[in-house]
Amino acid sequence: MLRIAFLAASAATCVVADPSPNLRNVVEGFLDKVQDKAQNLLGLNACPAPFLLPTSCSNGQSPSTKGLNECCTNVPGGLQLQTQFWNAQPDIGPESSWSVHGLWPDNCDGSYEQYCDPSREYTNIRQILTDKGETDLLAKMDVLWKSNTDDDESLWVHEWGKVRSFLAFELIRTCISTLNTTCYGRSYKQYDEVVDYFERAMDLFETLPTYDWLSAEGIVPSRTKTYTADALQAAIKKHYGHDVYFGCNSAGELDEVWYYFVTRGPVAGGKYVPVEVVGSKGSCPATGIKYIPKDGKAAGGTDPTGKYTSAFLNVEYDSAPKGCLISSGKWYTTGTCATFRLYGDLSSPFTMTTSKGPCTVSAGAQLSCAAGNAGSTFTLDADNYLSYEGSSDFFASVVAEGSVQASVFASSSEASVPIKVRYGTPQ
C-alpha cells in the first residue's frame, strides 16, 4: 500500500508539472490498473484509512466518480439511514428498546435508485448467516430485528432487497457500491457482503439507544401522557447531535425514527459520520404525540394479561378456500396473509389486532383493522369459523381476485357475496 501511495503521489506530481492531456490520460490509466490489481489482490484491505478517503456526500452531492475507487467510497448511496421501529400495537421486541428496521442507502439529496442486482435477491438470510458462523449476530437479530408479521426473516430479506436487488412490491433503495462482490478481491467467499451489511446495521443500531436517550430526558412510554415534536427532537439531538426523522401513524402514535449518516470508506470497516436529517423531520403532529408502552395491551380492550394467539384468517367462498384477510381486514387472494393477534382464551370472546391496529366492526358493519379503532369482540364457532355477535356469516363487497381487495362486512344489508372466515395457524 505504501508503494501504491508513492506511485500515486509521483504521478500526481508529473501531472502538475506537465498538464498535457495525453500525459494525464496515460497516468490516470496507469493508476487505474494499479488500483485494480491492488483491489484484486487485497480486496477491501486495499482501501486507505477512512480519514484519507472522501466523504460520500458533500453539500447534497456525491463526490466525482472520476478517479474514485467505488470499492472504497459508497456511491451513489452515500447517505445512509439507520432506521428503527417502535411497535407497541401489537407489541414487538423488548419493552425497553426500539427495534431495527433497516440500513437504507439513499442518494446524497435524499432520493434513491431502483433495481440493483437481481442475481443476489437472497431469501435465505438466516441460513446464510448460520453457515457463515454468525451465531452471535443472529442471536441479536432474533431479539432486536423483529417483523410485525411474526416472520423476522421476511423483514431481513426485504431490507437486503432494498440494498441489492429488485423486489416487486417496493421500489428499491440505491445499491451500496462497496458491497459489490468484486470489491472483495481474491479472498471473497460467497455471502461475505451479506454478513457485512447485517453486521454494520446491527453495530449502528447498538450505538443509537433511542429508548434510553428519550428516557433520559423524561420521555417515556405512557397511555396518558403525550409529547411534542420539538421535545422529541431536543431529546435526541442532545445525545446524537443532530435532528432526525420521527414517524407517527395516522393516530399520532410514535412508531419510527431515522438516523442519517455519511460515510468514509466501505460498509465493512468504514467510518459512519452522523449528519442532519435530509428533507422532512417527520410525519408526527406538532403536539399530542402518543408514545404507547409495549405492555401487551392493544387499544380496544384486549386480554389484560397480554396473552395472544397468532393466526391467519382464511377465507372460504363457494365452499372452497380462496385467499385470506390482510392486515386492513380486507379479503385478498394474491397477497401475503396477515398475521392476526387474537387476545384472550379462544374458547371465549376475544379481541384481535394486526400490524395496522385493532380490528373493529363499524356501525356500518364493515370489518376494519386500523390504528385508533376501539376494537370489537369476536368468537370462534365449533368449526373454528370467525363469528361476530353469534354469527359466522360474513359478506364481501365483490369477489376478490387478481389485484382486487374486497371489503368485508358482518351484514348482508351492506354486501352480497357470502363468505366464511376460518381460523388457521401461520406456517
# chains A, B, ... in the order shown; residues from 1 in each chain; ligands from 1
>>> residues_around(residues="Ser328 (chain A)", least_positions_apart="4", cutoff="8 Å", atoms="only C-alpha atoms", output="list in words")
Thr354, Lys356, Ser368, Cys369 and Ala370 of chain A
>>> select_by_dssp(residues="region 132-369 of chain A", states="strand (DSSP E or B)", output="PDB file with N, CA and C atoms, in the first residue's frame")
ATOM      1  N   LEU A 167     -37.284  -6.125  -5.704  1.00  0.00           N
ATOM      2  CA  LEU A 167     -38.440  -6.796  -5.123  1.00  0.00           C
ATOM      3  C   LEU A 167     -39.678  -6.152  -5.726  1.00  0.00           C
ATOM      4  N   GLU A 170     -41.904  -3.243  -3.835  1.00  0.00           N
ATOM      5  CA  GLU A 170     -41.435  -1.948  -3.324  1.00  0.00           C
ATOM      6  C   GLU A 170     -40.301  -1.425  -4.177  1.00  0.00           C
ATOM      7  N   ILE A 176     -25.376  -0.184  -2.719  1.00  0.00           N
ATOM      8  CA  ILE A 176     -24.197   0.253  -1.983  1.00  0.00           C
ATOM      9  C   ILE A 176     -22.990  -0.281  -2.746  1.00  0.00           C
ATOM     10  N   THR A 226     -48.771  12.771  26.558  1.00  0.00           N
ATOM     11  CA  THR A 226     -48.391  12.998  25.160  1.00  0.00           C
ATOM     12  C   THR A 226     -47.192  13.942  25.115  1.00  0.00           C
ATOM     13  N   TYR A 227     -46.552  14.018  23.932  1.00  0.00           N
ATOM     14  CA  TYR A 227     -45.331  14.796  23.784  1.00  0.00           C
ATOM     15  C   TYR A 227     -45.411  15.673  22.530  1.00  0.00           C
ATOM     16  N   TYR A 245     -35.446  12.037  11.778  1.00  0.00           N
ATOM     17  CA  TYR A 245     -36.823  11.900  11.277  1.00  0.00           C
ATOM     18  C   TYR A 245     -37.604  11.050  12.262  1.00  0.00           C
ATOM     19  N   PHE A 246     -38.728  11.573  12.766  1.00  0.00           N
ATOM     20  CA  PHE A 246     -39.632  10.796  13.608  1.00  0.00           C
ATOM     21  C   PHE A 246     -40.892  10.483  12.813  1.00  0.00           C
ATOM     22  N   GLY A 247     -41.302   9.214  12.817  1.00  0.00           N
ATOM     23  CA  GLY A 247     -42.512   8.804  12.124  1.00  0.00           C
ATOM     24  C   GLY A 247     -43.631   8.473  13.096  1.00  0.00           C
ATOM     25  N   CYS A 248     -44.843   8.878  12.748  1.00  0.00           N
ATOM     26  CA  CYS A 248     -46.035   8.541  13.533  1.00  0.00           C
ATOM     27  C   CYS A 248     -47.074   7.919  12.610  1.00  0.00           C
ATOM     28  N   GLU A 253     -49.394   8.193  16.863  1.00  0.00           N
ATOM     29  CA  GLU A 253     -48.592   7.356  17.750  1.00  0.00           C
ATOM     30  C   GLU A 253     -47.190   7.194  17.176  1.00  0.00           C
ATOM     31  N   LEU A 254     -46.200   7.476  17.971  1.00  0.00           N
ATOM     32  CA  LEU A 254     -44.808   7.385  17.566  1.00  0.00           C
ATOM     33  C   LEU A 254     -44.466   5.946  17.200  1.00  0.00           C
ATOM     34  N   ASP A 255     -43.870   5.731  16.008  1.00  0.00           N
ATOM     35  CA  ASP A 255     -43.558   4.348  15.630  1.00  0.00           C
ATOM     36  C   ASP A 255     -42.253   4.179  14.860  1.00  0.00           C
ATOM     37  N   GLU A 256     -41.544   5.286  14.544  1.00  0.00           N
ATOM     38  CA  GLU A 256     -40.313   5.095  13.773  1.00  0.00           C
ATOM     39  C   GLU A 256     -39.376   6.289  13.948  1.00  0.00           C
ATOM     40  N   VAL A 257     -38.071   6.014  13.821  1.00  0.00           N
ATOM     41  CA  VAL A 257     -37.061   7.070  13.825  1.00  0.00           C
ATOM     42  C   VAL A 257     -35.990   6.699  12.798  1.00  0.00           C
ATOM     43  N   TRP A 258     -35.482   7.730  12.075  1.00  0.00           N
ATOM     44  CA  TRP A 258     -34.423   7.531  11.084  1.00  0.00           C
ATOM     45  C   TRP A 258     -33.231   8.399  11.460  1.00  0.00           C
ATOM     46  N   TYR A 259     -32.056   7.779  11.559  1.00  0.00           N
ATOM     47  CA  TYR A 259     -30.806   8.488  11.806  1.00  0.00           C
ATOM     48  C   TYR A 259     -30.005   8.546  10.503  1.00  0.00           C
ATOM     49  N   TYR A 260     -29.443   9.716  10.195  1.00  0.00           N
ATOM     50  CA  TYR A 260     -28.743   9.933   8.928  1.00  0.00           C
ATOM     51  C   TYR A 260     -27.226   9.951   9.120  1.00  0.00           C
ATOM     52  N   PHE A 261     -26.519   9.325   8.161  1.00  0.00           N
ATOM     53  CA  PHE A 261     -25.065   9.285   8.182  1.00  0.00           C
ATOM     54  C   PHE A 261     -24.506   9.515   6.772  1.00  0.00           C
ATOM     55  N   VAL A 262     -23.326  10.104   6.693  1.00  0.00           N
ATOM     56  CA  VAL A 262     -22.491   9.997   5.502  1.00  0.00           C
ATOM     57  C   VAL A 262     -21.326   9.100   5.885  1.00  0.00           C
ATOM     58  N   THR A 263     -20.606   8.607   4.891  1.00  0.00           N
ATOM     59  CA  THR A 263     -19.582   7.612   5.176  1.00  0.00           C
ATOM     60  C   THR A 263     -18.224   8.022   4.609  1.00  0.00           C
ATOM     61  N   ARG A 264     -17.198   7.476   5.232  1.00  0.00           N
ATOM     62  CA  ARG A 264     -15.839   7.500   4.683  1.00  0.00           C
ATOM     63  C   ARG A 264     -15.364   6.054   4.679  1.00  0.00           C
ATOM     64  N   LYS A 271     -16.017   4.491   8.197  1.00  0.00           N
ATOM     65  CA  LYS A 271     -16.480   5.370   9.279  1.00  0.00           C
ATOM     66  C   LYS A 271     -17.830   5.967   8.896  1.00  0.00           C
ATOM     67  N   TYR A 272     -18.784   5.903   9.810  1.00  0.00           N
ATOM     68  CA  TYR A 272     -20.106   6.486   9.612  1.00  0.00           C
ATOM     69  C   TYR A 272     -20.184   7.777  10.421  1.00  0.00           C
ATOM     70  N   VAL A 273     -20.457   8.864   9.733  1.00  0.00           N
ATOM     71  CA  VAL A 273     -20.440  10.186  10.350  1.00  0.00           C
ATOM     72  C   VAL A 273     -21.868  10.718  10.464  1.00  0.00           C
ATOM     73  N   PRO A 274     -22.400  10.958  11.676  1.00  0.00           N
ATOM     74  CA  PRO A 274     -23.773  11.471  11.831  1.00  0.00           C
ATOM     75  C   PRO A 274     -23.941  12.830  11.152  1.00  0.00           C
ATOM     76  N   VAL A 275     -25.085  13.017  10.502  1.00  0.00           N
ATOM     77  CA  VAL A 275     -25.398  14.298   9.870  1.00  0.00           C
ATOM     78  C   VAL A 275     -26.857  14.643  10.133  1.00  0.00           C
ATOM     79  N   GLY A 282     -40.164  14.599   9.783  1.00  0.00           N
ATOM     80  CA  GLY A 282     -41.045  13.526  10.209  1.00  0.00           C
ATOM     81  C   GLY A 282     -42.490  13.685   9.808  1.00  0.00           C
ATOM     82  N   ILE A 289     -48.381  13.916  20.563  1.00  0.00           N
ATOM     83  CA  ILE A 289     -47.791  12.663  20.087  1.00  0.00           C
ATOM     84  C   ILE A 289     -47.859  11.603  21.190  1.00  0.00           C
ATOM     85  N   LYS A 290     -48.384  10.451  20.850  1.00  0.00           N
ATOM     86  CA  LYS A 290     -48.512   9.344  21.803  1.00  0.00           C
ATOM     87  C   LYS A 290     -47.308   8.404  21.656  1.00  0.00           C
ATOM     88  N   TYR A 308     -51.767 -13.692  23.712  1.00  0.00           N
ATOM     89  CA  TYR A 308     -52.424 -13.714  22.413  1.00  0.00           C
ATOM     90  C   TYR A 308     -52.034 -14.975  21.655  1.00  0.00           C
ATOM     91  N   THR A 309     -52.805 -15.275  20.625  1.00  0.00           N
ATOM     92  CA  THR A 309     -52.523 -16.378  19.716  1.00  0.00           C
ATOM     93  C   THR A 309     -52.360 -15.808  18.319  1.00  0.00           C
ATOM     94  N   SER A 310     -51.294 -16.174  17.620  1.00  0.00           N
ATOM     95  CA  SER A 310     -51.101 -15.729  16.243  1.00  0.00           C
ATOM     96  C   SER A 310     -51.950 -16.596  15.318  1.00  0.00           C
ATOM     97  N   ALA A 311     -52.568 -15.965  14.332  1.00  0.00           N
ATOM     98  CA  ALA A 311     -53.469 -16.706  13.445  1.00  0.00           C
ATOM     99  C   ALA A 311     -53.514 -16.086  12.060  1.00  0.00           C
ATOM    100  N   PHE A 312     -53.795 -16.928  11.070  1.00  0.00           N
ATOM    101  CA  PHE A 312     -54.232 -16.480   9.754  1.00  0.00           C
ATOM    102  C   PHE A 312     -55.751 -16.599   9.727  1.00  0.00           C
ATOM    103  N   LEU A 313     -56.426 -15.711   9.025  1.00  0.00           N
ATOM    104  CA  LEU A 313     -57.876 -15.801   8.856  1.00  0.00           C
ATOM    105  C   LEU A 313     -58.147 -16.073   7.378  1.00  0.00           C
ATOM    106  N   ASN A 314     -58.341 -17.347   7.081  1.00  0.00           N
ATOM    107  CA  ASN A 314     -58.505 -17.803   5.708  1.00  0.00           C
ATOM    108  C   ASN A 314     -59.960 -17.673   5.267  1.00  0.00           C
ATOM    109  N   VAL A 315     -60.139 -17.265   4.035  1.00  0.00           N
ATOM    110  CA  VAL A 315     -61.485 -17.050   3.505  1.00  0.00           C
ATOM    111  C   VAL A 315     -61.932 -18.251   2.674  1.00  0.00           C
ATOM    112  N   GLU A 316     -63.184 -18.645   2.861  1.00  0.00           N
ATOM    113  CA  GLU A 316     -63.808 -19.672   2.020  1.00  0.00           C
ATOM    114  C   GLU A 316     -64.951 -19.028   1.246  1.00  0.00           C
ATOM    115  N   TYR A 317     -64.958 -19.258  -0.054  1.00  0.00           N
ATOM    116  CA  TYR A 317     -66.003 -18.723  -0.931  1.00  0.00           C
ATOM    117  C   TYR A 317     -66.533 -19.849  -1.798  1.00  0.00           C
ATOM    118  N   ALA A 320     -65.146 -23.270  -0.971  1.00  0.00           N
ATOM    119  CA  ALA A 320     -63.758 -23.619  -1.282  1.00  0.00           C
ATOM    120  C   ALA A 320     -62.815 -22.531  -0.748  1.00  0.00           C
ATOM    121  N   PRO A 321     -61.599 -22.918  -0.338  1.00  0.00           N
ATOM    122  CA  PRO A 321     -60.631 -21.911   0.128  1.00  0.00           C
ATOM    123  C   PRO A 321     -60.304 -20.915  -0.984  1.00  0.00           C
ATOM    124  N   LYS A 322     -60.287 -19.637  -0.644  1.00  0.00           N
ATOM    125  CA  LYS A 322     -59.975 -18.625  -1.647  1.00  0.00           C
ATOM    126  C   LYS A 322     -59.389 -17.391  -0.951  1.00  0.00           C
ATOM    127  N   GLY A 323     -58.076 -17.376  -0.779  1.00  0.00           N
ATOM    128  CA  GLY A 323     -57.412 -16.219  -0.197  1.00  0.00           C
ATOM    129  C   GLY A 323     -57.578 -16.110   1.308  1.00  0.00           C
ATOM    130  N   CYS A 324     -57.402 -14.901   1.815  1.00  0.00           N
ATOM    131  CA  CYS A 324     -57.402 -14.687   3.259  1.00  0.00           C
ATOM    132  C   CYS A 324     -57.621 -13.210   3.552  1.00  0.00           C
ATOM    133  N   LEU A 325     -57.692 -12.882   4.826  1.00  0.00           N
ATOM    134  CA  LEU A 325     -57.780 -11.485   5.236  1.00  0.00           C
ATOM    135  C   LEU A 325     -56.375 -10.912   5.365  1.00  0.00           C
ATOM    136  N   TRP A 331     -60.413  -8.772   2.185  1.00  0.00           N
ATOM    137  CA  TRP A 331     -60.217 -10.094   1.592  1.00  0.00           C
ATOM    138  C   TRP A 331     -59.358  -9.929   0.338  1.00  0.00           C
ATOM    139  N   TYR A 332     -58.303 -10.757   0.241  1.00  0.00           N
ATOM    140  CA  TYR A 332     -57.363 -10.676  -0.881  1.00  0.00           C
ATOM    141  C   TYR A 332     -56.954 -12.094  -1.242  1.00  0.00           C
ATOM    142  N   PHE A 340     -52.730 -12.197  12.381  1.00  0.00           N
ATOM    143  CA  PHE A 340     -53.616 -11.581  13.360  1.00  0.00           C
ATOM    144  C   PHE A 340     -53.198 -12.045  14.754  1.00  0.00           C
ATOM    145  N   ARG A 341     -53.314 -11.125  15.710  1.00  0.00           N
ATOM    146  CA  ARG A 341     -53.101 -11.487  17.104  1.00  0.00           C
ATOM    147  C   ARG A 341     -54.453 -11.523  17.797  1.00  0.00           C
ATOM    148  N   LEU A 342     -54.805 -12.696  18.287  1.00  0.00           N
ATOM    149  CA  LEU A 342     -56.082 -12.904  18.955  1.00  0.00           C
ATOM    150  C   LEU A 342     -55.836 -12.910  20.460  1.00  0.00           C
ATOM    151  N   TYR A 343     -56.373 -11.907  21.144  1.00  0.00           N
ATOM    152  CA  TYR A 343     -56.106 -11.716  22.567  1.00  0.00           C
ATOM    153  C   TYR A 343     -57.207 -12.354  23.408  1.00  0.00           C
ATOM    154  N   PHE A 350     -62.898 -12.843  22.283  1.00  0.00           N
ATOM    155  CA  PHE A 350     -61.543 -12.287  22.227  1.00  0.00           C
ATOM    156  C   PHE A 350     -61.544 -11.052  21.335  1.00  0.00           C
ATOM    157  N   THR A 351     -60.506 -10.254  21.444  1.00  0.00           N
ATOM    158  CA  THR A 351     -60.279  -9.142  20.525  1.00  0.00           C
ATOM    159  C   THR A 351     -59.095  -9.511  19.638  1.00  0.00           C
ATOM    160  N   MET A 352     -58.913  -8.770  18.557  1.00  0.00           N
ATOM    161  CA  MET A 352     -57.794  -9.102  17.687  1.00  0.00           C
ATOM    162  C   MET A 352     -57.211  -7.840  17.038  1.00  0.00           C
ATOM    163  N   THR A 353     -55.931  -7.922  16.690  1.00  0.00           N
ATOM    164  CA  THR A 353     -55.236  -6.815  16.056  1.00  0.00           C
ATOM    165  C   THR A 353     -54.371  -7.341  14.912  1.00  0.00           C
ATOM    166  N   THR A 354     -53.972  -6.413  14.036  1.00  0.00           N
ATOM    167  CA  THR A 354     -52.953  -6.681  13.022  1.00  0.00           C
ATOM    168  C   THR A 354     -51.900  -5.597  13.147  1.00  0.00           C
ATOM    169  N   GLY A 357     -53.454  -2.198  13.388  1.00  0.00           N
ATOM    170  CA  GLY A 357     -54.129  -1.761  14.596  1.00  0.00           C
ATOM    171  C   GLY A 357     -55.267  -2.698  14.980  1.00  0.00           C
ATOM    172  N   PRO A 358     -56.070  -2.324  15.982  1.00  0.00           N
ATOM    173  CA  PRO A 358     -57.183  -3.156  16.436  1.00  0.00           C
ATOM    174  C   PRO A 358     -58.248  -3.354  15.356  1.00  0.00           C
ATOM    175  N   CYS A 359     -58.906  -4.508  15.388  1.00  0.00           N
ATOM    176  CA  CYS A 359     -59.940  -4.842  14.393  1.00  0.00           C
ATOM    177  C   CYS A 359     -61.329  -4.561  14.978  1.00  0.00           C
ATOM    178  N   THR A 360     -62.131  -3.855  14.191  1.00  0.00           N
ATOM    179  CA  THR A 360     -63.442  -3.396  14.646  1.00  0.00           C
ATOM    180  C   THR A 360     -64.482  -3.618  13.565  1.00  0.00           C
ATOM    181  N   VAL A 361     -65.677  -4.004  13.970  1.00  0.00           N
ATOM    182  CA  VAL A 361     -66.834  -3.979  13.068  1.00  0.00           C
ATOM    183  C   VAL A 361     -67.542  -2.657  13.319  1.00  0.00           C
ATOM    184  N   GLN A 366     -68.880  -2.865   8.611  1.00  0.00           N
ATOM    185  CA  GLN A 366     -67.645  -3.209   7.904  1.00  0.00           C
ATOM    186  C   GLN A 366     -66.538  -3.563   8.883  1.00  0.00           C
ATOM    187  N   LEU A 367     -65.793  -4.620   8.551  1.00  0.00           N
ATOM    188  CA  LEU A 367     -64.634  -5.014   9.338  1.00  0.00           C
ATOM    189  C   LEU A 367     -63.426  -4.200   8.890  1.00  0.00           C
ATOM    190  N   SER A 368     -62.732  -3.589   9.841  1.00  0.00           N
ATOM    191  CA  SER A 368     -61.502  -2.873   9.506  1.00  0.00           C
ATOM    192  C   SER A 368     -60.527  -3.008  10.661  1.00  0.00           C
ATOM    193  N   CYS A 369     -59.247  -3.028  10.333  1.00  0.00           N
ATOM    194  CA  CYS A 369     -58.189  -3.075  11.330  1.00  0.00           C
ATOM    195  C   CYS A 369     -57.319  -1.849  11.100  1.00  0.00           C
TER     196      CYS A 369
END
>>> closest_residue(among="A:Val157, A:Asp203, A:Gly265, A:Lys330", to="Leu68 (chain A)", atoms="only C-alpha atoms")
A:Gly265
>>> residues_around(residues="His101 (chain A)", least_positions_apart="5", cutoff="10 Å", atoms="only C-alpha atoms", output="PyMOL selection string")
chain A and resi 82-86+144-147+155-156+159+201+205+256-258
>>> atom_distance(atom1="CA of Leu214 (chain A)", atom2="CA of Gly252 (chain A)")
17.4 Å
>>> atom_distance(atom1="CA of Gln127 (chain A)", atom2="CA of Val195 (chain A)")
11.5 Å
>>> atom_distance(atom1="CA of Phe378 (chain A)", atom2="CA of Gln405 (chain A)")
22.3 Å
>>> select_by_dssp(residues="region 157-290 of chain A", states="helix (DSSP H, G or I)", output="PyMOL selection string")
chain A and resi 157-164+177-179+181-187+192-206+210-216+229-240
>>> residues_around(residues="Ser64 (chain A)", least_positions_apart="4", cutoff="12 Å", atoms="only C-alpha atoms", output="list in words")
Pro54, Thr55, Ser56, Cys57, Ser58, Leu68, Asn69, Glu70, Thr73, Asn74, Val75 and Pro76 of chain A
>>> residues_around(residues="Gly43 (chain A)", least_positions_apart="3", cutoff="9 Å", atoms="only C-alpha atoms", output="list in words")
Ala38, Gln39, Asn40, Ala46, Cys47, Cys71, Thr182, Cys183, Tyr184, Gly185, Arg186, Ser187 and Tyr188 of chain A
>>> write_last_selection(atoms="N, CA and C atoms", output="PDB file, in the first residue's frame")
ATOM      1  N   ALA A  38      -4.436  -3.936  -7.046  1.00  0.00           N
ATOM      2  CA  ALA A  38      -4.430  -3.923  -5.585  1.00  0.00           C
ATOM      3  C   ALA A  38      -5.759  -4.436  -5.039  1.00  0.00           C
ATOM      4  N   GLN A  39      -6.868  -4.019  -5.667  1.00  0.00           N
ATOM      5  CA  GLN A  39      -8.188  -4.448  -5.208  1.00  0.00           C
ATOM      6  C   GLN A  39      -8.346  -5.950  -5.373  1.00  0.00           C
ATOM      7  N   ASN A  40      -7.863  -6.458  -6.493  1.00  0.00           N
ATOM      8  CA  ASN A  40      -7.985  -7.883  -6.749  1.00  0.00           C
ATOM      9  C   ASN A  40      -7.158  -8.694  -5.764  1.00  0.00           C
ATOM     10  N   ALA A  46      -7.276  -3.002   0.453  1.00  0.00           N
ATOM     11  CA  ALA A  46      -6.564  -2.074  -0.427  1.00  0.00           C
ATOM     12  C   ALA A  46      -7.045  -0.644  -0.236  1.00  0.00           C
ATOM     13  N   CYS A  47      -8.147  -0.467   0.461  1.00  0.00           N
ATOM     14  CA  CYS A  47      -8.659   0.888   0.695  1.00  0.00           C
ATOM     15  C   CYS A  47      -7.805   1.598   1.742  1.00  0.00           C
ATOM     16  N   CYS A  71     -15.058   0.973  -4.687  1.00  0.00           N
ATOM     17  CA  CYS A  71     -15.000  -0.084  -3.683  1.00  0.00           C
ATOM     18  C   CYS A  71     -14.642   0.474  -2.314  1.00  0.00           C
ATOM     19  N   THR A 182     -16.997  -7.847  -6.395  1.00  0.00           N
ATOM     20  CA  THR A 182     -15.666  -7.627  -6.975  1.00  0.00           C
ATOM     21  C   THR A 182     -14.769  -6.824  -6.043  1.00  0.00           C
ATOM     22  N   CYS A 183     -15.356  -6.078  -5.121  1.00  0.00           N
ATOM     23  CA  CYS A 183     -14.552  -5.271  -4.189  1.00  0.00           C
ATOM     24  C   CYS A 183     -13.808  -6.127  -3.175  1.00  0.00           C
ATOM     25  N   TYR A 184     -14.193  -7.385  -3.033  1.00  0.00           N
ATOM     26  CA  TYR A 184     -13.596  -8.247  -2.025  1.00  0.00           C
ATOM     27  C   TYR A 184     -12.361  -8.986  -2.537  1.00  0.00           C
ATOM     28  N   GLY A 185     -12.071  -8.866  -3.832  1.00  0.00           N
ATOM     29  CA  GLY A 185     -10.863  -9.457  -4.390  1.00  0.00           C
ATOM     30  C   GLY A 185     -10.849 -10.968  -4.333  1.00  0.00           C
ATOM     31  N   ARG A 186      -9.610 -11.495  -4.384  1.00  0.00           N
ATOM     32  CA  ARG A 186      -9.439 -12.952  -4.445  1.00  0.00           C
ATOM     33  C   ARG A 186      -9.931 -13.653  -3.187  1.00  0.00           C
ATOM     34  N   SER A 187      -9.981 -12.927  -2.088  1.00  0.00           N
ATOM     35  CA  SER A 187     -10.362 -13.554  -0.813  1.00  0.00           C
ATOM     36  C   SER A 187     -11.877 -13.697  -0.650  1.00  0.00           C
ATOM     37  N   TYR A 188     -12.650 -13.227  -1.623  1.00  0.00           N
ATOM     38  CA  TYR A 188     -14.113 -13.233  -1.475  1.00  0.00           C
ATOM     39  C   TYR A 188     -14.654 -14.644  -1.329  1.00  0.00           C
TER      40      TYR A 188
END
